[in-house]
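Chemist: See protein35.cif below, with mmCIF, N, CA and C atoms.
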data_work
#
loop_
_atom_site.label_atom_id
_atom_site.label_comp_id
_atom_site.auth_asym_id
_atom_site.auth_seq_id
_atom_site.Cartn_x
_atom_site.Cartn_y
_atom_site.Cartn_z
N MET D 891 23.37 2.35 -2.50
CA MET D 891 23.01 1.85 -1.19
C MET D 891 22.61 0.39 -1.34
N LYS D 892 22.96 -0.40 -0.36
CA LYS D 892 22.56 -1.80 -0.36
C LYS D 892 22.10 -2.20 1.03
N ILE D 893 21.31 -3.22 1.09
CA ILE D 893 20.80 -3.70 2.37
C ILE D 893 21.77 -4.75 2.90
N ILE D 894 22.19 -4.57 4.15
CA ILE D 894 23.07 -5.52 4.82
C ILE D 894 22.27 -6.16 5.94
N GLU D 895 22.40 -7.46 6.08
CA GLU D 895 21.66 -8.18 7.12
C GLU D 895 22.60 -8.59 8.24
N THR D 896 22.13 -8.48 9.46
CA THR D 896 22.88 -8.96 10.62
C THR D 896 21.91 -9.72 11.52
N LYS D 897 22.43 -10.50 12.43
CA LYS D 897 21.57 -11.26 13.33
C LYS D 897 21.71 -10.76 14.75
N GLY D 898 20.65 -10.84 15.48
CA GLY D 898 20.63 -10.53 16.90
C GLY D 898 19.82 -11.61 17.58
N ARG D 899 19.40 -11.34 18.80
CA ARG D 899 18.54 -12.31 19.47
C ARG D 899 17.57 -11.58 20.39
N VAL D 900 16.52 -12.25 20.76
CA VAL D 900 15.51 -11.69 21.65
C VAL D 900 15.82 -12.17 23.06
N ALA D 901 15.95 -11.23 23.99
CA ALA D 901 16.25 -11.56 25.39
C ALA D 901 14.98 -12.01 26.10
N GLU D 902 15.12 -12.56 27.29
CA GLU D 902 13.99 -13.03 28.08
C GLU D 902 12.95 -11.94 28.32
N ASP D 903 13.39 -10.68 28.46
CA ASP D 903 12.46 -9.59 28.74
C ASP D 903 11.84 -9.01 27.46
N GLY D 904 12.14 -9.61 26.29
CA GLY D 904 11.56 -9.15 25.03
C GLY D 904 12.40 -8.12 24.31
N SER D 905 13.47 -7.66 24.91
CA SER D 905 14.33 -6.69 24.23
C SER D 905 15.15 -7.41 23.16
N ILE D 906 15.62 -6.65 22.21
CA ILE D 906 16.40 -7.22 21.11
C ILE D 906 17.87 -6.91 21.35
N ILE D 907 18.70 -7.92 21.29
CA ILE D 907 20.13 -7.76 21.49
C ILE D 907 20.80 -7.84 20.13
N LEU D 908 21.47 -6.75 19.75
CA LEU D 908 22.16 -6.68 18.47
C LEU D 908 23.65 -6.93 18.67
N PRO D 909 24.34 -7.38 17.63
CA PRO D 909 25.78 -7.61 17.76
C PRO D 909 26.53 -6.32 18.09
N PRO D 910 27.68 -6.42 18.74
CA PRO D 910 28.46 -5.23 19.06
C PRO D 910 28.79 -4.44 17.80
N GLY D 911 28.71 -3.14 17.91
CA GLY D 911 29.09 -2.26 16.81
C GLY D 911 27.95 -1.82 15.92
N VAL D 912 26.83 -2.53 15.90
CA VAL D 912 25.72 -2.17 15.01
C VAL D 912 25.19 -0.79 15.35
N LEU D 913 24.92 -0.55 16.62
CA LEU D 913 24.39 0.75 17.02
C LEU D 913 25.45 1.84 16.94
N ASP D 914 26.71 1.48 17.19
CA ASP D 914 27.79 2.46 17.08
C ASP D 914 27.88 3.03 15.67
N THR D 915 27.74 2.17 14.66
CA THR D 915 27.82 2.66 13.28
C THR D 915 26.63 3.54 12.92
N MET D 916 25.54 3.42 13.68
CA MET D 916 24.38 4.28 13.47
C MET D 916 24.47 5.56 14.29
N PHE D 917 25.53 5.67 15.10
CA PHE D 917 25.70 6.79 16.03
C PHE D 917 24.54 6.85 17.03
N VAL D 918 24.13 5.66 17.50
CA VAL D 918 23.07 5.53 18.49
C VAL D 918 23.71 5.01 19.77
N THR D 919 23.35 5.64 20.89
CA THR D 919 23.87 5.19 22.18
C THR D 919 22.70 4.87 23.11
N ALA D 920 23.00 4.32 24.26
CA ALA D 920 21.97 3.94 25.23
C ALA D 920 21.09 5.14 25.55
N GLY D 921 19.79 4.94 25.53
CA GLY D 921 18.84 5.99 25.85
C GLY D 921 18.33 6.77 24.64
N ASP D 922 19.00 6.63 23.49
CA ASP D 922 18.54 7.32 22.28
C ASP D 922 17.24 6.70 21.78
N THR D 923 16.42 7.51 21.16
CA THR D 923 15.20 7.02 20.54
C THR D 923 15.53 6.49 19.15
N VAL D 924 14.98 5.33 18.81
CA VAL D 924 15.11 4.78 17.47
C VAL D 924 13.71 4.51 16.94
N HIS D 925 13.60 4.38 15.64
CA HIS D 925 12.30 4.14 15.00
C HIS D 925 12.30 2.75 14.39
N LEU D 926 11.21 2.03 14.57
CA LEU D 926 11.02 0.73 13.93
C LEU D 926 9.93 0.87 12.89
N ALA D 927 10.21 0.50 11.67
CA ALA D 927 9.22 0.52 10.60
C ALA D 927 8.95 -0.92 10.19
N TYR D 928 7.69 -1.21 9.85
CA TYR D 928 7.35 -2.56 9.42
C TYR D 928 6.19 -2.50 8.44
N LEU D 929 5.98 -3.58 7.74
CA LEU D 929 4.90 -3.67 6.77
C LEU D 929 3.69 -4.35 7.39
N SER D 930 2.53 -3.76 7.18
CA SER D 930 1.30 -4.34 7.70
C SER D 930 0.35 -4.64 6.54
N HIS D 931 -0.08 -5.86 6.50
CA HIS D 931 -1.06 -6.27 5.48
C HIS D 931 -2.48 -6.01 5.97
N HIS D 932 -2.64 -5.78 7.25
CA HIS D 932 -3.96 -5.59 7.83
C HIS D 932 -4.50 -4.21 7.48
N PRO D 933 -5.74 -4.11 7.01
CA PRO D 933 -6.28 -2.81 6.58
C PRO D 933 -6.54 -1.82 7.71
N VAL D 934 -6.65 -2.29 8.95
CA VAL D 934 -7.00 -1.39 10.05
C VAL D 934 -5.95 -1.42 11.16
N LYS D 935 -5.65 -2.60 11.66
CA LYS D 935 -4.74 -2.73 12.80
C LYS D 935 -3.29 -2.48 12.37
N GLN D 936 -2.54 -1.85 13.23
CA GLN D 936 -1.12 -1.59 12.96
C GLN D 936 -0.30 -2.76 13.50
N ILE D 937 -0.36 -3.87 12.76
CA ILE D 937 0.35 -5.07 13.19
C ILE D 937 1.45 -5.40 12.19
N ASN D 938 2.50 -6.01 12.66
CA ASN D 938 3.63 -6.38 11.82
C ASN D 938 3.30 -7.70 11.13
N SER D 939 2.53 -7.64 10.07
CA SER D 939 2.01 -8.83 9.39
C SER D 939 3.10 -9.73 8.84
N TYR D 940 4.21 -9.15 8.42
CA TYR D 940 5.24 -9.93 7.75
C TYR D 940 6.37 -10.36 8.69
N GLY D 941 6.31 -9.94 9.97
CA GLY D 941 7.32 -10.36 10.93
C GLY D 941 8.69 -9.78 10.63
N GLU D 942 8.75 -8.65 9.98
CA GLU D 942 10.01 -8.00 9.65
C GLU D 942 9.93 -6.55 10.10
N PHE D 943 11.08 -5.96 10.41
CA PHE D 943 11.08 -4.54 10.70
C PHE D 943 12.40 -3.93 10.29
N PHE D 944 12.41 -2.60 10.24
CA PHE D 944 13.56 -1.83 9.81
C PHE D 944 13.86 -0.83 10.93
N LEU D 945 15.08 -0.81 11.42
CA LEU D 945 15.48 0.06 12.52
C LEU D 945 16.18 1.30 11.95
N THR D 946 15.70 2.49 12.32
CA THR D 946 16.34 3.73 11.87
C THR D 946 16.54 4.67 13.04
N LYS D 947 17.47 5.56 12.88
CA LYS D 947 17.72 6.56 13.90
C LYS D 947 16.78 7.75 13.72
N ASP D 948 16.49 8.11 12.47
CA ASP D 948 15.73 9.33 12.18
C ASP D 948 14.36 9.09 11.57
N GLY D 949 13.92 7.85 11.45
CA GLY D 949 12.60 7.56 10.87
C GLY D 949 12.68 7.27 9.38
N MET D 950 11.57 6.84 8.83
CA MET D 950 11.53 6.41 7.43
C MET D 950 11.63 7.56 6.44
N ASP D 951 11.22 8.77 6.81
CA ASP D 951 11.32 9.89 5.87
C ASP D 951 12.76 10.07 5.42
N HIS D 952 13.68 9.93 6.35
CA HIS D 952 15.10 10.07 6.03
C HIS D 952 15.56 8.93 5.12
N VAL D 953 15.10 7.72 5.38
CA VAL D 953 15.50 6.56 4.59
C VAL D 953 14.94 6.66 3.18
N ASN D 954 13.70 7.12 3.04
CA ASN D 954 13.08 7.22 1.72
C ASN D 954 13.88 8.14 0.80
N GLU D 955 14.54 9.15 1.37
CA GLU D 955 15.35 10.05 0.56
C GLU D 955 16.61 9.35 0.05
N LEU D 956 17.10 8.37 0.80
CA LEU D 956 18.35 7.71 0.46
C LEU D 956 18.18 6.53 -0.49
N VAL D 957 17.05 5.87 -0.42
CA VAL D 957 16.82 4.66 -1.20
C VAL D 957 16.43 5.05 -2.62
N GLU D 958 17.10 4.46 -3.57
CA GLU D 958 16.78 4.73 -4.95
C GLU D 958 15.47 4.05 -5.32
N ALA D 959 14.64 4.77 -6.06
CA ALA D 959 13.39 4.18 -6.50
C ALA D 959 13.70 3.10 -7.53
N PRO D 960 13.02 1.96 -7.43
CA PRO D 960 13.27 0.91 -8.41
C PRO D 960 12.80 1.35 -9.78
N GLU D 961 13.39 0.74 -10.79
CA GLU D 961 12.93 1.05 -12.14
C GLU D 961 11.45 0.72 -12.22
N SER D 962 10.71 1.61 -12.82
CA SER D 962 9.27 1.37 -12.89
C SER D 962 8.99 0.22 -13.84
N ALA D 963 8.20 -0.68 -13.37
CA ALA D 963 7.81 -1.83 -14.18
C ALA D 963 6.50 -1.50 -14.86
N GLU D 964 6.34 -2.02 -16.03
CA GLU D 964 5.12 -1.76 -16.77
C GLU D 964 4.33 -3.05 -16.89
N LEU D 965 3.07 -2.97 -16.57
CA LEU D 965 2.19 -4.12 -16.69
C LEU D 965 1.39 -3.96 -17.97
N CYS D 966 1.47 -4.93 -18.83
CA CYS D 966 0.72 -4.90 -20.08
C CYS D 966 -0.47 -5.85 -19.97
N VAL D 967 -1.65 -5.28 -20.06
CA VAL D 967 -2.87 -6.08 -20.02
C VAL D 967 -3.36 -6.22 -21.46
N PRO D 968 -3.55 -7.45 -21.93
CA PRO D 968 -3.99 -7.63 -23.32
C PRO D 968 -5.32 -6.92 -23.59
N HIS D 969 -5.40 -6.28 -24.77
CA HIS D 969 -6.62 -5.55 -25.14
C HIS D 969 -7.84 -6.46 -25.13
N ALA D 970 -7.66 -7.70 -25.57
CA ALA D 970 -8.80 -8.63 -25.60
C ALA D 970 -9.36 -8.85 -24.19
N LEU D 971 -8.48 -8.90 -23.19
CA LEU D 971 -8.92 -9.09 -21.81
C LEU D 971 -9.71 -7.88 -21.32
N LEU D 972 -9.20 -6.68 -21.62
CA LEU D 972 -9.91 -5.46 -21.22
C LEU D 972 -11.26 -5.37 -21.92
N GLU D 973 -11.29 -5.67 -23.21
CA GLU D 973 -12.55 -5.61 -23.96
C GLU D 973 -13.56 -6.62 -23.42
N ALA D 974 -13.10 -7.83 -23.09
CA ALA D 974 -14.00 -8.85 -22.55
C ALA D 974 -14.57 -8.42 -21.21
N ALA D 975 -13.80 -7.63 -20.45
CA ALA D 975 -14.26 -7.15 -19.15
C ALA D 975 -15.07 -5.87 -19.27
N GLY D 976 -15.20 -5.35 -20.48
CA GLY D 976 -15.96 -4.11 -20.69
C GLY D 976 -15.22 -2.87 -20.22
N ILE D 977 -13.90 -2.94 -20.15
CA ILE D 977 -13.10 -1.79 -19.73
C ILE D 977 -12.56 -1.10 -20.97
N PRO D 978 -12.88 0.18 -21.16
CA PRO D 978 -12.36 0.90 -22.34
C PRO D 978 -10.84 0.90 -22.34
N LEU D 979 -10.25 0.81 -23.53
CA LEU D 979 -8.80 0.73 -23.66
C LEU D 979 -8.09 1.99 -23.17
N ASP D 980 -8.78 3.13 -23.20
CA ASP D 980 -8.15 4.38 -22.77
C ASP D 980 -8.41 4.68 -21.29
N ASN D 981 -8.99 3.72 -20.58
CA ASN D 981 -9.36 3.94 -19.18
C ASN D 981 -8.16 3.74 -18.26
N ASP D 982 -8.08 4.53 -17.18
CA ASP D 982 -7.08 4.28 -16.13
C ASP D 982 -7.50 3.03 -15.38
N LEU D 983 -6.51 2.22 -15.01
CA LEU D 983 -6.81 0.95 -14.35
C LEU D 983 -6.52 1.00 -12.86
N ASP D 984 -7.29 0.25 -12.11
CA ASP D 984 -7.06 0.03 -10.69
C ASP D 984 -6.66 -1.44 -10.56
N ILE D 985 -5.45 -1.69 -10.07
CA ILE D 985 -4.95 -3.05 -9.95
C ILE D 985 -4.68 -3.34 -8.48
N ARG D 986 -5.35 -4.36 -7.94
CA ARG D 986 -5.20 -4.72 -6.54
C ARG D 986 -4.79 -6.18 -6.44
N CYS D 987 -3.93 -6.46 -5.49
CA CYS D 987 -3.54 -7.84 -5.21
C CYS D 987 -4.26 -8.29 -3.95
N GLU D 988 -5.01 -9.34 -4.06
CA GLU D 988 -5.73 -9.94 -2.93
C GLU D 988 -5.21 -11.36 -2.75
N ASP D 989 -5.60 -11.99 -1.67
CA ASP D 989 -5.16 -13.37 -1.44
C ASP D 989 -5.59 -14.24 -2.62
N GLY D 990 -4.61 -14.74 -3.35
CA GLY D 990 -4.88 -15.65 -4.45
C GLY D 990 -5.43 -15.02 -5.71
N ALA D 991 -5.43 -13.69 -5.82
CA ALA D 991 -6.00 -13.07 -7.01
C ALA D 991 -5.40 -11.70 -7.27
N ILE D 992 -5.35 -11.34 -8.54
CA ILE D 992 -5.02 -9.99 -8.95
C ILE D 992 -6.29 -9.44 -9.59
N ILE D 993 -6.80 -8.34 -9.05
CA ILE D 993 -8.05 -7.77 -9.53
C ILE D 993 -7.74 -6.53 -10.35
N ILE D 994 -8.16 -6.55 -11.61
CA ILE D 994 -7.94 -5.43 -12.51
C ILE D 994 -9.30 -4.87 -12.88
N GLY D 995 -9.47 -3.59 -12.66
CA GLY D 995 -10.74 -2.95 -12.99
C GLY D 995 -10.52 -1.51 -13.37
N SER D 996 -11.58 -0.86 -13.70
CA SER D 996 -11.51 0.56 -14.01
C SER D 996 -11.13 1.33 -12.77
N ALA D 997 -10.27 2.33 -12.92
CA ALA D 997 -9.92 3.18 -11.78
C ALA D 997 -11.15 3.94 -11.30
N ASP D 998 -12.09 4.15 -12.19
CA ASP D 998 -13.35 4.81 -11.84
C ASP D 998 -14.46 3.77 -11.96
N PRO D 999 -14.90 3.20 -10.84
CA PRO D 999 -15.88 2.11 -10.92
C PRO D 999 -17.21 2.54 -11.53
N VAL D 1000 -17.51 3.83 -11.53
CA VAL D 1000 -18.76 4.30 -12.12
C VAL D 1000 -18.76 4.02 -13.63
N ARG D 1001 -17.57 4.09 -14.25
CA ARG D 1001 -17.48 3.84 -15.69
C ARG D 1001 -17.73 2.38 -16.04
N GLN D 1002 -17.71 1.50 -15.04
CA GLN D 1002 -17.93 0.08 -15.27
C GLN D 1002 -19.41 -0.30 -15.27
N LEU D 1003 -20.26 0.58 -14.76
CA LEU D 1003 -21.68 0.26 -14.68
C LEU D 1003 -22.32 0.27 -16.06
N PRO D 1004 -23.25 -0.65 -16.29
CA PRO D 1004 -23.96 -0.68 -17.57
C PRO D 1004 -24.74 0.63 -17.77
N PRO D 1005 -24.88 1.07 -19.01
CA PRO D 1005 -25.60 2.32 -19.30
C PRO D 1005 -27.02 2.35 -18.74
N GLN D 1006 -27.70 1.20 -18.71
CA GLN D 1006 -29.07 1.16 -18.20
C GLN D 1006 -29.11 1.53 -16.71
N ILE D 1007 -28.14 1.01 -15.95
CA ILE D 1007 -28.11 1.32 -14.52
C ILE D 1007 -27.74 2.78 -14.30
N MET D 1008 -26.78 3.27 -15.08
CA MET D 1008 -26.41 4.69 -14.96
C MET D 1008 -27.59 5.57 -15.31
N GLY D 1009 -28.36 5.17 -16.33
CA GLY D 1009 -29.56 5.93 -16.70
C GLY D 1009 -30.56 5.98 -15.56
N LEU D 1010 -30.73 4.86 -14.87
CA LEU D 1010 -31.64 4.80 -13.73
C LEU D 1010 -31.16 5.73 -12.62
N PHE D 1011 -29.86 5.64 -12.27
CA PHE D 1011 -29.31 6.52 -11.24
C PHE D 1011 -29.47 7.99 -11.62
N ASP D 1012 -29.20 8.30 -12.90
CA ASP D 1012 -29.32 9.69 -13.36
C ASP D 1012 -30.77 10.17 -13.26
N SER D 1013 -31.72 9.30 -13.62
CA SER D 1013 -33.13 9.70 -13.55
C SER D 1013 -33.59 9.91 -12.11
N LEU D 1014 -32.96 9.20 -11.17
CA LEU D 1014 -33.28 9.37 -9.76
C LEU D 1014 -32.51 10.52 -9.13
N GLY D 1015 -31.58 11.11 -9.88
CA GLY D 1015 -30.79 12.23 -9.37
C GLY D 1015 -29.69 11.81 -8.41
N VAL D 1016 -29.22 10.56 -8.53
CA VAL D 1016 -28.15 10.09 -7.65
C VAL D 1016 -26.82 10.61 -8.20
N ASN D 1017 -26.07 11.29 -7.33
CA ASN D 1017 -24.79 11.89 -7.69
C ASN D 1017 -23.76 10.80 -8.00
N HIS D 1018 -22.95 11.02 -9.02
CA HIS D 1018 -21.93 10.03 -9.39
C HIS D 1018 -20.92 9.81 -8.27
N ASP D 1019 -20.63 10.85 -7.48
CA ASP D 1019 -19.70 10.68 -6.35
C ASP D 1019 -20.29 9.74 -5.30
N THR D 1020 -21.60 9.80 -5.11
CA THR D 1020 -22.28 8.91 -4.16
C THR D 1020 -22.20 7.47 -4.65
N ILE D 1021 -22.44 7.27 -5.94
CA ILE D 1021 -22.35 5.93 -6.53
C ILE D 1021 -20.94 5.39 -6.37
N ARG D 1022 -19.96 6.22 -6.68
CA ARG D 1022 -18.54 5.83 -6.58
C ARG D 1022 -18.21 5.42 -5.14
N CYS D 1023 -18.68 6.19 -4.18
CA CYS D 1023 -18.41 5.91 -2.77
C CYS D 1023 -18.99 4.55 -2.36
N VAL D 1024 -20.20 4.27 -2.78
CA VAL D 1024 -20.86 3.00 -2.46
C VAL D 1024 -20.12 1.84 -3.13
N LEU D 1025 -19.74 2.02 -4.39
CA LEU D 1025 -19.04 0.95 -5.11
C LEU D 1025 -17.67 0.65 -4.50
N GLU D 1026 -17.05 1.66 -3.93
CA GLU D 1026 -15.73 1.47 -3.31
C GLU D 1026 -15.84 0.99 -1.88
N GLY D 1027 -17.06 0.74 -1.40
CA GLY D 1027 -17.25 0.16 -0.09
C GLY D 1027 -17.22 1.16 1.05
N GLY D 1028 -17.30 2.44 0.73
CA GLY D 1028 -17.26 3.46 1.77
C GLY D 1028 -18.65 3.97 2.07
N ALA D 1029 -18.72 4.87 2.99
CA ALA D 1029 -19.98 5.54 3.33
C ALA D 1029 -19.78 7.01 3.11
N GLU D 1030 -20.71 7.62 2.43
CA GLU D 1030 -20.58 9.06 2.14
C GLU D 1030 -20.69 9.84 3.44
N ASN D 1031 -19.84 10.87 3.55
CA ASN D 1031 -19.87 11.72 4.75
C ASN D 1031 -21.16 12.51 4.79
N GLU D 1032 -21.80 12.49 5.95
CA GLU D 1032 -23.01 13.26 6.12
C GLU D 1032 -22.63 14.60 6.72
N GLU D 1033 -23.21 15.68 6.19
CA GLU D 1033 -22.90 17.00 6.71
C GLU D 1033 -24.04 17.54 7.51
#
Just give me the structure as structure tokens.

Modeler:
Amino acid sequence: MKIIETKGRVAEDGSIILPPGVLDTMFVTAGDTVHLAYLSHHPVKQINSYGEFFLTKDGMDHVNELVEAPESAELCVPHALLEAAGIPLDNDLDIRCEDGAIIIGSADPVRQLPPQIMGLFDSLGVNHDTIRCVLEGGAENEE
């Protein structure tokens, strides 16, 4: 499968006009429902952050079955860097891309806390799941 690009235009009323034949090849006719998928960088709002979209007849679940998964890339983080950050070499990593930065940390933020702080939390009876929730910026569900 390969991605083919075509051009259309936006009409005065905001509708999108596609070249003749595009919808015919999708077996879509006037009045049919189509799905638009897009990428959103916003953590809450469902906005088209990248100004791109993908038009499908049956939705993205169908497309995901057809698209081949890319070869998995492997990221090698130097041991010296992990050791300097206090991350054990056998630890699972959490890697996030933020504006202007790549943040690499322990997948379990509780494992990153100094032993003295963990000892304090343990002596106070603070649950490790509660600590994890706070470190990840969430609020623990109250029952």

Chemist: Could you give me, as a PyMOL selection string, the residues that have an atom at most 9 Å away from the point (20.6, 0.5, 16.4) in the coordinates of the file, using only C-alpha atoms?

Modeler: chain D and resi 908+911-919+924+945-947

Chemist: So which bits of chain D end up strand (DSSP E) when you DSSP the backbone, as a short mmCIF file (atom, residue, chain, number, x, y, z; two decimals) with N, CA and C atoms, in the frame of the given file?

Modeler:
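Below is the file selection26.cif, written as the result:
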data_model
loop_
_atom_site.label_atom_id
_atom_site.label_comp_id
_atom_site.auth_asym_id
_atom_site.auth_seq_id
_atom_site.Cartn_x
_atom_site.Cartn_y
_atom_site.Cartn_z
N ARG D 899 19.40 -11.34 18.80
CA ARG D 899 18.54 -12.31 19.47
C ARG D 899 17.57 -11.58 20.39
N VAL D 900 16.52 -12.25 20.76
CA VAL D 900 15.51 -11.69 21.65
C VAL D 900 15.82 -12.17 23.06
N ILE D 906 15.62 -6.65 22.21
CA ILE D 906 16.40 -7.22 21.11
C ILE D 906 17.87 -6.91 21.35
N ILE D 907 18.70 -7.92 21.29
CA ILE D 907 20.13 -7.76 21.49
C ILE D 907 20.80 -7.84 20.13
N HIS D 925 13.60 4.38 15.64
CA HIS D 925 12.30 4.14 15.00
C HIS D 925 12.30 2.75 14.39
N LEU D 926 11.21 2.03 14.57
CA LEU D 926 11.02 0.73 13.93
C LEU D 926 9.93 0.87 12.89
N ALA D 927 10.21 0.50 11.67
CA ALA D 927 9.22 0.52 10.60
C ALA D 927 8.95 -0.92 10.19
N PHE D 944 12.41 -2.60 10.24
CA PHE D 944 13.56 -1.83 9.81
C PHE D 944 13.86 -0.83 10.93
N LEU D 945 15.08 -0.81 11.42
CA LEU D 945 15.48 0.06 12.52
C LEU D 945 16.18 1.30 11.95
N THR D 946 15.70 2.49 12.32
CA THR D 946 16.34 3.73 11.87
C THR D 946 16.54 4.67 13.04
N LEU D 983 -6.51 2.22 -15.01
CA LEU D 983 -6.81 0.95 -14.35
C LEU D 983 -6.52 1.00 -12.86
N ASP D 984 -7.29 0.25 -12.11
CA ASP D 984 -7.06 0.03 -10.69
C ASP D 984 -6.66 -1.44 -10.56
N ILE D 985 -5.45 -1.69 -10.07
CA ILE D 985 -4.95 -3.05 -9.95
C ILE D 985 -4.68 -3.34 -8.48
N ARG D 986 -5.35 -4.36 -7.94
CA ARG D 986 -5.20 -4.72 -6.54
C ARG D 986 -4.79 -6.18 -6.44
N CYS D 987 -3.93 -6.46 -5.49
CA CYS D 987 -3.54 -7.84 -5.21
C CYS D 987 -4.26 -8.29 -3.95
N GLU D 988 -5.01 -9.34 -4.06
CA GLU D 988 -5.73 -9.94 -2.93
C GLU D 988 -5.21 -11.36 -2.75
N ALA D 991 -5.43 -13.69 -5.82
CA ALA D 991 -6.00 -13.07 -7.01
C ALA D 991 -5.40 -11.70 -7.27
N ILE D 992 -5.35 -11.34 -8.54
CA ILE D 992 -5.02 -9.99 -8.95
C ILE D 992 -6.29 -9.44 -9.59
N ILE D 993 -6.80 -8.34 -9.05
CA ILE D 993 -8.05 -7.77 -9.53
C ILE D 993 -7.74 -6.53 -10.35
N ILE D 994 -8.16 -6.55 -11.61
CA ILE D 994 -7.94 -5.43 -12.51
C ILE D 994 -9.30 -4.87 -12.88
N GLY D 995 -9.47 -3.59 -12.66
CA GLY D 995 -10.74 -2.95 -12.99
C GLY D 995 -10.52 -1.51 -13.37
N SER D 996 -11.58 -0.86 -13.70
CA SER D 996 -11.51 0.56 -14.01
C SER D 996 -11.13 1.33 -12.77
#

Chemist: Can you tell me, as lines of an AutoDock Vina configuration file, the centre and edge lengths (Å, one decimal) of the axis-aligned box enclosing all of region 989-1008 of chain D's listed atoms after padding each side by 6 Å?

Modeler:
center_x = -16.9
center_y = -5.0
center_z = -10.4
size_x = 36.5
size_y = 33.2
size_z = 29.9

Chemist: So the first atom is CA of Leu929 (chain D) and the second is CA of Cys987 (chain D); what is the distance between them in Å, to one decimal place?

Modeler: 15.2 Å

Chemist: Could you list, as a VMD selection string, every residue within 5 Å of Ala927 (chain D), counting all atoms listed in the file and ignoring same-chain residues fewer than 2 positions away?

Modeler: chain D and resid 925 929 943 to 944

Chemist: Write a file of the selected residues as a short mmCIF file (atom, residue, chain, number, x, y, z; two decimals), keeping the file's coordinate frame, keeping N, CA and C atoms.

Modeler:
data_model
loop_
_atom_site.label_atom_id
_atom_site.label_comp_id
_atom_site.auth_asym_id
_atom_site.auth_seq_id
_atom_site.Cartn_x
_atom_site.Cartn_y
_atom_site.Cartn_z
N HIS D 925 13.60 4.38 15.64
CA HIS D 925 12.30 4.14 15.00
C HIS D 925 12.30 2.75 14.39
N LEU D 929 5.98 -3.58 7.74
CA LEU D 929 4.90 -3.67 6.77
C LEU D 929 3.69 -4.35 7.39
N PHE D 943 11.08 -5.96 10.41
CA PHE D 943 11.08 -4.54 10.70
C PHE D 943 12.40 -3.93 10.29
N PHE D 944 12.41 -2.60 10.24
CA PHE D 944 13.56 -1.83 9.81
C PHE D 944 13.86 -0.83 10.93
#

Chemist: My structure is short of atoms at region 1005-1016 of chain D; please model N, CA, C and O atoms there, returning them as a PDB file, in the coordinates of the input.

Modeler:
ATOM      1  N   PRO D1005     -24.880   1.070 -19.010  1.00  0.00           N
ATOM      2  CA  PRO D1005     -25.600   2.320 -19.300  1.00  0.00           C
ATOM      3  C   PRO D1005     -27.020   2.350 -18.740  1.00  0.00           C
ATOM      4  O   PRO D1005     -27.491   3.405 -18.307  1.00  0.00           O
ATOM      5  N   GLN D1006     -27.700   1.200 -18.710  1.00  0.00           N
ATOM      6  CA  GLN D1006     -29.070   1.160 -18.200  1.00  0.00           C
ATOM      7  C   GLN D1006     -29.110   1.530 -16.710  1.00  0.00           C
ATOM      8  O   GLN D1006     -29.997   2.240 -16.248  1.00  0.00           O
ATOM      9  N   ILE D1007     -28.140   1.010 -15.950  1.00  0.00           N
ATOM     10  CA  ILE D1007     -28.110   1.320 -14.520  1.00  0.00           C
ATOM     11  C   ILE D1007     -27.740   2.780 -14.300  1.00  0.00           C
ATOM     12  O   ILE D1007     -28.329   3.462 -13.463  1.00  0.00           O
ATOM     13  N   MET D1008     -26.780   3.270 -15.080  1.00  0.00           N
ATOM     14  CA  MET D1008     -26.410   4.690 -14.960  1.00  0.00           C
ATOM     15  C   MET D1008     -27.590   5.570 -15.310  1.00  0.00           C
ATOM     16  O   MET D1008     -27.835   6.601 -14.673  1.00  0.00           O
ATOM     17  N   GLY D1009     -28.360   5.170 -16.330  1.00  0.00           N
ATOM     18  CA  GLY D1009     -29.560   5.930 -16.700  1.00  0.00           C
ATOM     19  C   GLY D1009     -30.560   5.980 -15.560  1.00  0.00           C
ATOM     20  O   GLY D1009     -31.173   7.011 -15.285  1.00  0.00           O
ATOM     21  N   LEU D1010     -30.730   4.860 -14.870  1.00  0.00           N
ATOM     22  CA  LEU D1010     -31.640   4.800 -13.730  1.00  0.00           C
ATOM     23  C   LEU D1010     -31.160   5.730 -12.620  1.00  0.00           C
ATOM     24  O   LEU D1010     -31.940   6.525 -12.083  1.00  0.00           O
ATOM     25  N   PHE D1011     -29.860   5.640 -12.270  1.00  0.00           N
ATOM     26  CA  PHE D1011     -29.310   6.520 -11.240  1.00  0.00           C
ATOM     27  C   PHE D1011     -29.470   7.990 -11.620  1.00  0.00           C
ATOM     28  O   PHE D1011     -29.817   8.830 -10.793  1.00  0.00           O
ATOM     29  N   ASP D1012     -29.200   8.300 -12.900  1.00  0.00           N
ATOM     30  CA  ASP D1012     -29.320   9.690 -13.360  1.00  0.00           C
ATOM     31  C   ASP D1012     -30.770  10.170 -13.260  1.00  0.00           C
ATOM     32  O   ASP D1012     -31.033  11.304 -12.850  1.00  0.00           O
ATOM     33  N   SER D1013     -31.720   9.300 -13.620  1.00  0.00           N
ATOM     34  CA  SER D1013     -33.130   9.700 -13.550  1.00  0.00           C
ATOM     35  C   SER D1013     -33.590   9.910 -12.110  1.00  0.00           C
ATOM     36  O   SER D1013     -34.504  10.689 -11.849  1.00  0.00           O
ATOM     37  N   LEU D1014     -32.960   9.200 -11.170  1.00  0.00           N
ATOM     38  CA  LEU D1014     -33.280   9.370  -9.760  1.00  0.00           C
ATOM     39  C   LEU D1014     -32.510  10.520  -9.130  1.00  0.00           C
ATOM     40  O   LEU D1014     -32.713  10.852  -7.959  1.00  0.00           O
ATOM     41  N   GLY D1015     -31.580  11.110  -9.880  1.00  0.00           N
ATOM     42  CA  GLY D1015     -30.790  12.230  -9.370  1.00  0.00           C
ATOM     43  C   GLY D1015     -29.690  11.810  -8.410  1.00  0.00           C
ATOM     44  O   GLY D1015     -29.256  12.614  -7.577  1.00  0.00           O
ATOM     45  N   VAL D1016     -29.220  10.560  -8.530  1.00  0.00           N
ATOM     46  CA  VAL D1016     -28.150  10.090  -7.650  1.00  0.00           C
ATOM     47  C   VAL D1016     -26.820  10.610  -8.200  1.00  0.00           C
ATOM     48  O   VAL D1016     -26.474  10.384  -9.352  1.00  0.00           O
TER      49      VAL D1016
END
